[in-house]
file work24.cif (mmCIF, C-alpha atoms)
data_input
#
loop_
_atom_site.label_atom_id
_atom_site.label_comp_id
_atom_site.auth_asym_id
_atom_site.auth_seq_id
_atom_site.Cartn_x
_atom_site.Cartn_y
_atom_site.Cartn_z
CA MET A 5 196.45 -21.68 -130.30
CA SER A 6 193.06 -20.97 -128.84
CA ARG A 7 192.46 -24.60 -127.97
CA ARG A 8 190.73 -23.71 -124.78
CA TYR A 9 187.78 -22.55 -126.85
CA ASP A 10 187.36 -25.87 -128.62
CA SER A 11 185.41 -27.84 -126.15
CA ARG A 12 182.26 -25.81 -125.91
CA THR A 13 180.09 -25.84 -129.02
CA THR A 14 178.16 -22.79 -128.10
CA ILE A 15 180.89 -20.21 -127.77
CA PHE A 16 183.02 -18.31 -130.24
CA SER A 17 186.81 -18.40 -130.29
CA PRO A 18 188.62 -15.06 -130.01
CA GLU A 19 189.06 -15.08 -133.79
CA GLY A 20 185.29 -15.40 -134.18
CA ARG A 21 185.21 -19.06 -135.22
CA LEU A 22 183.07 -21.96 -134.06
CA TYR A 23 185.62 -24.74 -133.77
CA GLN A 24 183.18 -27.55 -133.14
CA VAL A 25 181.38 -26.75 -136.36
CA GLU A 26 184.66 -26.73 -138.25
CA TYR A 27 185.68 -30.04 -136.69
CA ALA A 28 182.35 -31.50 -137.77
CA MET A 29 183.17 -30.49 -141.33
CA GLU A 30 186.55 -32.19 -140.93
CA ALA A 31 184.78 -35.43 -140.03
CA ILE A 32 182.75 -35.17 -143.23
CA GLY A 33 185.92 -34.74 -145.24
CA HIS A 34 186.76 -38.38 -144.45
CA ALA A 35 183.40 -39.76 -145.54
CA GLY A 36 182.51 -41.28 -148.90
CA SER A 37 182.02 -38.67 -151.63
CA CYS A 38 178.67 -37.59 -153.01
CA VAL A 39 178.12 -35.68 -156.23
CA GLY A 40 174.99 -33.87 -157.39
CA VAL A 41 174.29 -32.52 -160.88
CA PHE A 42 171.23 -30.51 -161.87
CA SER A 43 169.54 -30.58 -165.26
CA GLU A 44 166.22 -29.26 -166.50
CA GLU A 45 165.07 -32.86 -166.92
CA GLY A 46 166.03 -33.96 -163.42
CA VAL A 47 168.71 -34.01 -160.73
CA VAL A 48 171.36 -36.72 -160.45
CA LEU A 49 172.83 -37.77 -157.11
CA ALA A 50 175.77 -40.16 -157.07
CA ALA A 51 177.47 -41.47 -153.93
CA GLU A 52 180.45 -43.64 -153.09
CA LYS A 53 179.61 -46.37 -150.64
CA LYS A 54 182.65 -47.34 -148.57
CA VAL A 55 182.21 -51.06 -147.94
CA ALA A 56 184.07 -51.69 -144.69
CA SER A 57 183.94 -55.48 -144.96
CA LYS A 58 182.81 -58.04 -147.51
CA LEU A 59 180.80 -59.68 -144.76
CA LEU A 60 178.47 -56.68 -144.58
CA GLU A 61 174.95 -57.14 -145.96
CA VAL A 62 174.75 -55.17 -149.16
CA SER A 63 171.12 -54.16 -148.84
CA SER A 64 171.56 -51.62 -146.08
CA SER A 65 171.42 -47.98 -147.03
CA GLU A 66 174.00 -45.58 -145.70
CA LYS A 67 174.30 -42.99 -148.47
CA MET A 68 170.97 -42.47 -150.22
CA TYR A 69 167.56 -41.94 -148.70
CA VAL A 70 164.04 -41.22 -149.90
CA ILE A 71 162.47 -38.44 -147.88
CA ASP A 72 159.16 -38.20 -149.71
CA LYS A 73 157.79 -39.03 -153.15
CA HIS A 74 159.40 -35.92 -154.57
CA ILE A 75 162.56 -35.51 -152.47
CA ILE A 76 165.68 -37.68 -152.05
CA CYS A 77 169.00 -37.05 -150.37
CA ALA A 78 172.59 -38.23 -150.26
CA VAL A 79 174.57 -38.25 -147.02
CA ALA A 80 178.21 -37.61 -146.19
CA GLY A 81 179.38 -37.94 -142.62
CA ILE A 82 178.40 -39.77 -139.45
CA THR A 83 175.62 -42.18 -140.44
CA ALA A 84 174.02 -42.25 -136.99
CA ASP A 85 173.73 -38.46 -136.98
CA ALA A 86 172.29 -38.56 -140.47
CA ASN A 87 169.60 -41.04 -139.43
CA ILE A 88 168.22 -38.60 -136.86
CA LEU A 89 167.97 -35.84 -139.42
CA ILE A 90 166.56 -38.11 -142.13
CA ASN A 91 163.85 -39.20 -139.73
CA GLN A 92 163.07 -35.62 -138.91
CA ALA A 93 162.95 -34.72 -142.59
CA ARG A 94 160.51 -37.54 -143.29
CA LEU A 95 158.33 -36.56 -140.36
CA THR A 96 158.35 -32.89 -141.37
CA ALA A 97 157.36 -33.79 -144.91
CA GLN A 98 154.45 -35.95 -143.78
CA LYS A 99 153.26 -33.44 -141.17
CA TYR A 100 153.18 -30.84 -143.93
CA TYR A 101 151.20 -33.15 -146.20
CA TYR A 102 148.77 -33.89 -143.36
CA ALA A 103 148.11 -30.19 -142.73
CA TYR A 104 148.14 -28.86 -146.28
CA GLN A 105 147.29 -31.91 -148.42
CA GLU A 106 150.15 -30.97 -150.72
CA PRO A 107 153.78 -32.09 -151.05
CA ILE A 108 156.20 -29.95 -149.06
CA PRO A 109 158.19 -27.39 -151.06
CA VAL A 110 161.81 -28.58 -151.19
CA GLU A 111 163.41 -25.41 -149.88
CA TYR A 112 160.88 -25.15 -147.07
CA LEU A 113 161.85 -28.63 -145.84
CA LEU A 114 165.51 -27.70 -146.06
CA GLN A 115 164.94 -24.61 -143.96
CA GLN A 116 163.44 -26.73 -141.18
CA ILE A 117 166.34 -29.23 -141.22
CA CYS A 118 168.94 -26.49 -141.32
CA ASP A 119 167.25 -24.62 -138.48
CA THR A 120 167.63 -27.81 -136.40
CA LYS A 121 171.31 -28.07 -137.35
CA GLN A 122 171.88 -24.42 -136.48
CA GLY A 123 170.26 -24.93 -133.09
CA TYR A 124 173.01 -27.38 -132.18
CA THR A 125 175.62 -24.69 -132.86
CA GLN A 126 174.08 -22.09 -130.62
CA PHE A 127 172.38 -23.63 -127.57
CA GLY A 128 172.02 -26.82 -125.57
CA GLY A 129 175.73 -27.52 -125.16
CA LEU A 130 175.47 -30.50 -127.54
CA ARG A 131 177.84 -31.11 -130.42
CA PRO A 132 176.73 -30.29 -133.98
CA PHE A 133 175.57 -33.00 -136.41
CA GLY A 134 178.52 -34.39 -138.34
CA VAL A 135 176.57 -34.60 -141.59
CA SER A 136 176.39 -32.81 -144.90
CA PHE A 137 173.50 -33.48 -147.23
CA LEU A 138 172.78 -33.19 -150.90
CA PHE A 139 169.02 -32.81 -151.33
CA ALA A 140 167.39 -33.29 -154.72
CA GLY A 141 163.73 -32.69 -155.33
CA TRP A 142 160.94 -31.31 -157.48
CA ASP A 143 158.08 -29.01 -156.61
CA ARG A 144 155.65 -26.98 -158.66
CA HIS A 145 157.12 -23.67 -157.47
CA TYR A 146 160.71 -24.00 -158.66
CA GLY A 147 160.80 -27.28 -160.60
CA PHE A 148 163.89 -29.45 -160.11
CA GLN A 149 166.28 -28.30 -157.40
CA LEU A 150 169.62 -29.33 -155.88
CA TYR A 151 170.65 -28.17 -152.41
CA GLN A 152 173.68 -28.71 -150.20
CA SER A 153 173.62 -28.30 -146.43
CA ASP A 154 176.43 -28.52 -143.86
CA PRO A 155 176.81 -28.83 -140.05
CA SER A 156 176.64 -25.08 -139.54
CA GLY A 157 173.04 -25.05 -140.73
CA ASN A 158 173.89 -23.18 -143.91
CA TYR A 159 172.38 -24.30 -147.15
CA GLY A 160 172.62 -23.27 -150.78
CA GLY A 161 171.06 -24.11 -154.11
CA TRP A 162 173.51 -25.53 -156.65
CA LYS A 163 173.76 -26.50 -160.31
CA ALA A 164 176.46 -29.01 -159.47
CA THR A 165 178.31 -29.73 -156.25
CA ALA A 166 180.14 -32.36 -154.23
CA ILE A 167 180.58 -33.26 -150.55
CA GLY A 168 182.67 -35.75 -148.63
CA ALA A 169 186.19 -36.96 -149.43
CA ASN A 170 188.01 -35.12 -152.25
CA SER A 171 185.08 -32.76 -152.63
CA ASN A 172 187.41 -29.91 -153.58
CA ALA A 173 188.82 -31.88 -156.48
CA ALA A 174 185.33 -32.95 -157.52
CA GLN A 175 184.09 -29.40 -157.28
CA SER A 176 186.81 -28.04 -159.57
CA ILE A 177 186.13 -30.70 -162.20
CA LEU A 178 182.44 -29.84 -162.04
CA LYS A 179 183.26 -26.17 -162.36
CA SER A 180 185.08 -26.70 -165.64
CA ASP A 181 182.87 -29.44 -167.10
CA TYR A 182 179.36 -28.34 -166.15
CA LYS A 183 177.38 -26.64 -168.92
CA GLU A 184 173.94 -25.08 -168.90
CA GLY A 185 171.12 -26.96 -170.62
CA LEU A 186 172.30 -30.47 -169.85
CA VAL A 187 169.93 -33.34 -170.55
CA LEU A 188 169.54 -36.07 -167.95
CA THR A 189 171.88 -38.53 -169.68
CA ASP A 190 174.62 -35.85 -169.81
CA ALA A 191 174.12 -35.14 -166.12
CA LEU A 192 174.40 -38.84 -165.31
CA GLN A 193 177.61 -39.10 -167.31
CA LEU A 194 179.09 -36.03 -165.66
CA ALA A 195 178.26 -37.28 -162.17
CA THR A 196 179.79 -40.70 -162.78
CA LYS A 197 182.85 -39.18 -164.46
CA VAL A 198 183.50 -36.86 -161.53
CA LEU A 199 182.93 -39.60 -158.97
CA SER A 200 185.25 -42.04 -160.70
CA LYS A 201 187.99 -39.42 -160.98
CA THR A 202 187.88 -38.51 -157.30
CA MET A 203 187.39 -41.99 -155.85
CA ASP A 204 190.52 -43.79 -154.71
CA MET B 10 122.38 -14.69 -139.11
CA ASP B 11 125.24 -14.03 -141.54
CA SER B 12 124.56 -14.72 -145.19
CA ILE B 13 127.54 -15.66 -147.33
CA ILE B 14 127.31 -16.93 -150.90
CA SER B 15 130.00 -17.84 -153.46
CA VAL B 16 129.97 -18.89 -157.10
CA VAL B 17 132.81 -20.17 -159.33
CA GLY B 18 132.90 -18.97 -162.94
CA ASP B 19 135.37 -19.12 -165.80
CA GLY B 20 138.64 -18.02 -164.19
CA PHE B 21 137.03 -16.20 -161.25
CA VAL B 22 135.09 -16.66 -158.03
CA LEU B 23 132.41 -14.23 -156.88
CA SER B 24 131.83 -13.95 -153.13
CA ALA B 25 128.93 -12.04 -151.62
CA ALA B 26 128.16 -11.41 -147.97
CA ASP B 27 125.61 -9.36 -146.08
CA CYS B 28 126.83 -6.30 -144.17
CA THR B 29 124.57 -6.44 -141.13
CA ASN B 30 125.84 -6.92 -137.59
CA ALA B 31 122.85 -7.28 -135.28
CA ARG B 32 122.40 -8.72 -131.79
CA SER B 33 119.03 -9.39 -130.23
CA ILE B 34 116.76 -6.52 -131.27
CA VAL B 35 119.51 -4.04 -132.11
CA VAL B 36 121.26 -3.46 -135.46
CA MET B 37 124.80 -2.40 -134.53
CA LYS B 38 126.40 -2.00 -137.95
CA GLU B 39 125.22 -1.93 -141.55
CA ASP B 40 128.63 -1.77 -143.25
CA MET B 41 130.47 -4.78 -141.89
CA ASP B 42 132.95 -6.49 -144.20
CA LYS B 43 132.61 -10.25 -143.92
CA VAL B 44 134.83 -11.11 -146.90
CA MET B 45 138.49 -10.92 -145.91
CA GLU B 46 141.46 -10.79 -148.28
CA LEU B 47 143.72 -13.64 -147.14
CA ASP B 48 146.29 -12.66 -149.71
CA HIS B 49 146.30 -11.05 -153.15
CA HIS B 50 144.54 -14.03 -154.74
CA LYS B 51 142.30 -15.41 -151.98
CA LEU B 52 139.03 -14.42 -150.32
CA LEU B 53 137.72 -15.78 -147.03
CA SER B 54 133.99 -15.28 -146.35
CA MET B 55 133.12 -15.73 -142.68
CA ALA B 56 129.95 -16.51 -140.72
CA GLY B 57 129.24 -17.44 -137.11
CA GLU B 58 129.94 -16.38 -133.52
CA PRO B 59 131.33 -12.83 -133.73
CA GLY B 60 134.37 -13.14 -131.41
CA ASP B 61 135.32 -16.59 -132.73
CA VAL B 62 135.03 -15.35 -136.30
CA ALA B 63 137.42 -12.44 -135.73
CA GLN B 64 139.96 -14.51 -133.77
CA PHE B 65 140.01 -17.46 -136.08
CA THR B 66 140.05 -15.68 -139.42
CA GLU B 67 142.83 -13.33 -138.33
CA TYR B 68 144.78 -16.33 -137.09
CA VAL B 69 144.46 -17.97 -140.50
CA GLN B 70 145.35 -14.77 -142.33
CA LYS B 71 148.50 -14.19 -140.29
CA ASN B 72 149.63 -17.79 -140.59
CA VAL B 73 149.20 -17.66 -144.36
CA HIS B 74 151.24 -14.48 -144.45
CA LEU B 75 153.94 -15.96 -142.20
CA PHE B 76 154.27 -18.98 -144.44
CA GLU B 77 154.76 -16.76 -147.47
CA LEU B 78 157.41 -14.71 -145.69
CA ARG B 79 159.26 -17.78 -144.39
CA SER B 80 159.21 -19.84 -147.54
CA GLY B 81 159.13 -17.17 -150.24
CA ILE B 82 156.24 -18.84 -152.06
CA ALA B 83 152.48 -18.25 -152.06
CA MET B 84 150.24 -20.91 -150.53
CA SER B 85 147.81 -22.57 -152.89
CA THR B 86 144.05 -22.23 -152.30
CA LYS B 87 143.87 -25.93 -151.47
CA ALA B 88 146.69 -25.68 -148.94
CA VAL B 89 145.03 -22.73 -147.19
CA ALA B 90 141.70 -24.56 -147.10
CA ASN B 91 143.25 -27.71 -145.66
CA PHE B 92 145.30 -25.76 -143.12
CA THR B 93 142.14 -23.94 -141.99
CA ARG B 94 140.16 -27.16 -141.80
CA ASN B 95 142.92 -28.79 -139.78
CA GLU B 96 142.94 -25.96 -137.23
CA LEU B 97 139.16 -26.21 -136.78
CA ALA B 98 139.41 -29.99 -136.44
CA LYS B 99 142.18 -29.73 -133.83
CA SER B 100 140.17 -27.26 -131.73
CA LEU B 101 136.88 -29.09 -132.10
CA ARG B 102 137.21 -31.36 -129.10
CA LYS B 103 139.14 -28.91 -126.96
CA ASN B 104 138.19 -25.34 -127.61
CA PRO B 105 135.82 -25.25 -130.58
CA TYR B 106 135.34 -22.27 -132.86
CA SER B 107 131.80 -21.58 -133.97
CA VAL B 108 132.85 -20.43 -137.42
CA ASN B 109 131.66 -21.34 -140.92
CA LEU B 110 133.70 -20.28 -143.93
CA LEU B 111 133.91 -20.14 -147.68
CA ILE B 112 137.43 -19.89 -149.10
CA ALA B 113 137.75 -18.69 -152.69
CA GLY B 114 141.01 -18.42 -154.61
CA TYR B 115 142.66 -18.19 -158.01
CA GLU B 116 146.00 -19.71 -159.10
CA LYS B 117 147.58 -19.77 -162.51
CA GLU B 118 147.99 -23.49 -163.15
CA VAL B 119 144.82 -24.54 -161.32
CA GLY B 120 142.33 -21.75 -161.99
CA ALA B 121 139.48 -20.65 -159.74
CA GLU B 122 138.48 -22.79 -156.75
CA LEU B 123 135.94 -22.61 -153.93
CA PHE B 124 136.07 -24.51 -150.63
CA TYR B 125 133.26 -24.96 -148.10
CA ILE B 126 134.39 -25.36 -144.47
CA ASP B 127 131.98 -25.70 -141.56
CA TYR B 128 132.55 -25.43 -137.80
CA LEU B 129 133.17 -29.18 -137.46
CA GLY B 130 136.05 -29.09 -139.90
CA THR B 131 134.15 -30.43 -142.90
CA LEU B 132 135.87 -29.52 -146.15
CA HIS B 133 134.37 -29.69 -149.63
CA LYS B 134 135.49 -28.27 -152.94
CA LEU B 135 132.37 -26.97 -154.67
CA PRO B 136 131.28 -24.99 -157.74
CA PHE B 137 128.98 -22.82 -155.61
CA SER B 138 127.95 -22.70 -151.98
CA ALA B 139 126.46 -20.70 -149.11
CA GLN B 140 126.68 -20.58 -145.31
CA GLY B 141 124.01 -19.59 -142.83
CA TYR B 142 120.22 -19.53 -143.01
CA CYS B 143 120.43 -18.08 -146.50
CA SER B 144 121.62 -21.46 -147.75
CA TYR B 145 118.11 -22.84 -147.27
CA PHE B 146 116.93 -20.35 -149.85
CA VAL B 147 119.79 -19.82 -152.27
CA LEU B 148 121.09 -23.34 -152.86
CA SER B 149 117.96 -24.25 -154.80
CA THR B 150 118.16 -21.01 -156.78
CA MET B 151 121.76 -21.77 -157.69
CA ASP B 152 120.98 -25.43 -158.42
CA ARG B 153 118.46 -24.23 -160.96
CA HIS B 154 120.52 -21.52 -162.70
CA TYR B 155 124.21 -22.44 -162.27
CA LYS B 156 126.22 -23.59 -165.27
CA LYS B 157 129.92 -24.37 -165.57
CA SER B 158 132.38 -21.75 -166.87
CA MET B 159 130.03 -18.78 -166.64
CA THR B 160 131.23 -15.38 -167.78
CA PHE B 161 131.65 -12.64 -165.21
CA GLU B 162 128.32 -11.06 -166.19
CA GLU B 163 126.49 -14.39 -165.95
CA GLY B 164 128.09 -15.11 -162.57
CA LEU B 165 127.16 -11.69 -161.26
CA GLU B 166 123.59 -12.18 -162.48
CA LEU B 167 123.38 -15.52 -160.66
CA ILE B 168 124.71 -14.18 -157.40
CA LYS B 169 122.32 -11.24 -157.56
CA LYS B 170 119.44 -13.69 -158.10
CA ALA B 171 120.55 -15.48 -154.94
CA ILE B 172 120.81 -12.24 -152.98
CA ASP B 173 117.34 -11.21 -154.18
CA GLU B 174 115.97 -14.49 -152.88
CA VAL B 175 117.41 -13.76 -149.42
CA LYS B 176 116.02 -10.25 -149.42
CA ILE B 177 112.53 -11.43 -150.37
CA ARG B 178 112.17 -14.57 -148.26
CA PHE B 179 114.51 -14.40 -145.24
CA LEU B 180 112.92 -13.14 -141.99
CA ILE B 181 115.89 -11.01 -140.97
CA ASN B 182 116.25 -7.79 -142.92
CA GLN B 183 119.61 -7.67 -144.73
CA PRO B 184 119.40 -4.66 -147.01
CA LYS B 185 123.05 -4.45 -148.07
CA PHE B 186 125.39 -7.09 -149.53
CA THR B 187 129.02 -6.64 -150.55
CA ILE B 188 130.09 -8.51 -153.67
CA LYS B 189 133.82 -9.22 -154.20
CA VAL B 190 135.65 -11.13 -156.91
CA VAL B 191 138.98 -12.97 -157.17
CA ASP B 192 140.53 -13.73 -160.56
CA GLU B 193 143.95 -13.70 -162.19
CA LYS B 194 144.24 -9.97 -161.57
CA GLY B 195 143.67 -10.45 -157.84
CA THR B 196 140.89 -9.48 -155.44
CA ARG B 197 138.62 -6.47 -155.70
CA THR B 198 135.19 -5.25 -154.60
CA VAL B 199 132.65 -5.40 -157.41
CA GLU B 200 129.79 -3.47 -155.90
CA SER B 201 127.38 -3.15 -152.99
CA TYR B 202 124.04 -4.71 -153.84
#
call {"tool": "encode", "arguments": {"input": "work24.cif", "output": "structure tokens"}}
result
Amino acid sequence: MSRRYDSRTTIFSPEGRLYQVEYAMEAIGHAGSCVGVFSEEGVVLAAEKKVASKLLEVSSSEKMYVIDKHIICAVAGITADANILINQARLTAQKYYYAYQEPIPVEYLLQQICDTKQGYTQFGGLRPFGVSFLFAGWDRHYGFQLYQSDPSGNYGGWKATAIGANSNAAQSILKSDYKEGLVLTDALQLATKVLSKTMD
Amino acid sequence: MDSIISVVGDGFVLSAADCTNARSIVVMKEDMDKVMELDHHKLLSMAGEPGDVAQFTEYVQKNVHLFELRSGIAMSTKAVANFTRNELAKSLRKNPYSVNLLIAGYEKEVGAELFYIDYLGTLHKLPFSAQGYCSYFVLSTMDRHYKKSMTFEEGLELIKKAIDEVKIRFLINQPKFTIKVVDEKGTRTVESY
């Protein structure tokens, strides 16, 4: 195989693939699942916390974070990597508020984070972030929104999606069970149903 | 010597500015446009040091445009005003711009708004305002005659009263004023007065 092209993040393989980015996505496939469901009344994020030991303090957050008053996110992947990006997201949101005296539009924030992630796939010789996010937020331009982003720096808006372990299974359940015009309680039920079915 | 005046009415903002560009004893231009279209629903009236005015206002205009291209959404009037204020404040103790502005805009959910910004980075949302020497004359005129939610005709009458005051009492001759308006339909020139 073209293993000799693995070690450098910033070069393509002969088949035109970025192996380091793909390996990053592999790492995320072992992390605790997260599910997001959009409704007109709000967005639901549900995440599976993998408790490594019963001695661990329960209070610590590893899956869900508040970015600003109107944006939250769920994390799947390497927690330490996620913390860097969460910090950056929080800083970006506050810098925006400082300059414009208005909450940052959700997609605009996402673009900044994803541009950072993309940078680590193209220059610097550093490995990509091993994190996928589900961002949920509200702004006056587009109302409630749900976004997913991955180590490549790609992002997309979703009605319902899943990341982390068994995300393919979760995704196919969502595909068949999601309906337009859900109310918030339906979205909550759908998210918990999907999570319980795909959790071990 | 620039005279810029703005008035908020019911769903619109009228902005007037003189058209004279004069230095020392020479009048260089009598058709200068001092009210810039920042985007389809915002007007920026400018006064101050000529080079600074051109540099700074174009910088704001291009940044507003860039934001809209990058994010796909239009900036609100308040966001533009705060961004502009922030830039003036940042440069104040390094490389100050001698520029005074009035930013007028219309948005659907919020309506018509007017912001006063001076060269120090002061920002105030106001129902009417003026920059330059003319403010010594027209603020009292507008204090006397302004009412909330004026119709377009009433607003135009008020701004013409203010312009008349400048023409009668201000030492510098400013024969021509351009009056522009921004409302839900966008920006357009009303008339030369």
call {"tool": "atom_distance", "arguments": {"input": "work24.cif", "atom1": "CA of Arg178 in chain B", "atom2": "CA of Lys43 in chain B"}}
result
21.3 Å
call {"tool": "interface_residues", "arguments": {"input": "work24.cif", "of": "chain A", "to": "chain B", "cutoff": "8 Å", "atoms": "all atoms listed in the file", "output": "PyMOL selection string"}}
result
chain A and resi 103-106+111-112+145
call {"tool": "residues_around", "arguments": {"input": "work24.cif", "residues": "range 122-138 of chain B", "least_positions_apart": "2", "cutoff": "7 Å", "atoms": "all atoms listed in the file", "output": "list in words"}}
result
Ile14, Ser15, Val16, Val17, Ala90, Arg94, Asn95, Leu97, Ala98, Leu101, Tyr106, Ser107, Val108, Asn109, Leu110, Leu111, Ile112, Ala113, Gly114, Tyr115, Gly120 and Leu148 of chain B
call {"tool": "residues_around", "arguments": {"input": "work24.cif", "residues": "Glu30 in chain A", "least_positions_apart": "2", "cutoff": "12 Å", "atoms": "all atoms listed in the file", "output": "VMD selection string"}}
result
chain A and resid 23 to 28 32 to 35 80 to 82 133 to 136 154 to 155 167 to 171
call {"tool": "write_last_selection", "arguments": {"input": "work24.cif", "atoms": "C-alpha atoms", "output": "PDB file, in the frame of the given file"}}
result
ATOM      1  CA  TYR A  23     185.620 -24.740-133.770  1.00  0.00           C
ATOM      2  CA  GLN A  24     183.180 -27.550-133.140  1.00  0.00           C
ATOM      3  CA  VAL A  25     181.380 -26.750-136.360  1.00  0.00           C
ATOM      4  CA  GLU A  26     184.660 -26.730-138.250  1.00  0.00           C
ATOM      5  CA  TYR A  27     185.680 -30.040-136.690  1.00  0.00           C
ATOM      6  CA  ALA A  28     182.350 -31.500-137.770  1.00  0.00           C
ATOM      7  CA  ILE A  32     182.750 -35.170-143.230  1.00  0.00           C
ATOM      8  CA  GLY A  33     185.920 -34.740-145.240  1.00  0.00           C
ATOM      9  CA  HIS A  34     186.760 -38.380-144.450  1.00  0.00           C
ATOM     10  CA  ALA A  35     183.400 -39.760-145.540  1.00  0.00           C
ATOM     11  CA  ALA A  80     178.210 -37.610-146.190  1.00  0.00           C
ATOM     12  CA  GLY A  81     179.380 -37.940-142.620  1.00  0.00           C
ATOM     13  CA  ILE A  82     178.400 -39.770-139.450  1.00  0.00           C
ATOM     14  CA  PHE A 133     175.570 -33.000-136.410  1.00  0.00           C
ATOM     15  CA  GLY A 134     178.520 -34.390-138.340  1.00  0.00           C
ATOM     16  CA  VAL A 135     176.570 -34.600-141.590  1.00  0.00           C
ATOM     17  CA  SER A 136     176.390 -32.810-144.900  1.00  0.00           C
ATOM     18  CA  ASP A 154     176.430 -28.520-143.860  1.00  0.00           C
ATOM     19  CA  PRO A 155     176.810 -28.830-140.050  1.00  0.00           C
ATOM     20  CA  ILE A 167     180.580 -33.260-150.550  1.00  0.00           C
ATOM     21  CA  GLY A 168     182.670 -35.750-148.630  1.00  0.00           C
ATOM     22  CA  ALA A 169     186.190 -36.960-149.430  1.00  0.00           C
ATOM     23  CA  ASN A 170     188.010 -35.120-152.250  1.00  0.00           C
ATOM     24  CA  SER A 171     185.080 -32.760-152.630  1.00  0.00           C
TER      25      SER A 171
END
call {"tool": "residues_around", "arguments": {"input": "work24.cif", "residues": "Met45 in chain B", "least_positions_apart": "3", "cutoff": "7 Å", "atoms": "all atoms listed in the file", "output": "list in words"}}
result
Leu52, Leu53 and Ser54 of chain B
call {"tool": "resolve_selection", "arguments": {"input": "work24.cif", "expression": "the PyMOL selection byres ((chain B and resi 200) around 7)", "output": "number ranges by chain"}}
result
B: 187-188, 198-199, 201-202
call {"tool": "resolve_selection", "arguments": {"input": "work24.cif", "expression": "the PyMOL selection byres ((chain B and resi 141) around 8)", "output": "MDAnalysis selection string"}}
result
chainID B and resid 10:13 56 139:140 142:144
call {"tool": "atom_distance", "arguments": {"input": "work24.cif", "atom1": "CA of Phe161 in chain B", "atom2": "CA of Asp19 in chain B"}}
result
7.5 Å
call {"tool": "atom_distance", "arguments": {"input": "work24.cif", "atom1": "CA of Asn182 in chain B", "atom2": "CA of Lys38 in chain B"}}
result
12.7 Å
call {"tool": "closest_residue", "arguments": {"input": "work24.cif", "among": "A:Leu22, A:Val39, A:Met29, A:Ala140", "to": "Ile75 in chain A", "atoms": "only C-alpha atoms"}}
result
A:Ala140
call {"tool": "resolve_selection", "arguments": {"input": "work24.cif", "expression": "the PyMOL selection byres ((chain A and resi 157) around 9)", "output": "PyMOL selection string"}}
result
chain A and resi 115+117-125+153-156+158-159
call {"tool": "residues_around", "arguments": {"input": "work24.cif", "residues": "Val187 in chain A", "least_positions_apart": "5", "cutoff": "7 Å", "atoms": "only C-alpha atoms", "output": "list in words"}}
result
Ser43, Glu44 and Glu45 of chain A
call {"tool": "closest_residue", "arguments": {"input": "work24.cif", "among": "A:Gly185, A:Gly46, A:Gly141, A:Pro18", "to": "Ile108 in chain A", "atoms": "all atoms listed in the file"}}
result
A:Gly141
call {"tool": "residues_around", "arguments": {"input": "work24.cif", "residues": "Leu150 in chain A", "least_positions_apart": "3", "cutoff": "9 Å", "atoms": "all atoms listed in the file", "output": "list of chain:residue names"}}
result
A:Gly40, A:Val41, A:Phe42, A:Val47, A:Val48, A:Leu138, A:Phe139, A:Ala140, A:Gly141, A:Gly160, A:Gly161, A:Trp162, A:Lys163, A:Ala164, A:Thr165
call {"tool": "closest_residue", "arguments": {"input": "work24.cif", "among": "A:Arg21, A:Phe137, A:Ser37, A:Ile88", "to": "Ala173 in chain A", "atoms": "all atoms listed in the file"}}
result
A:Ser37
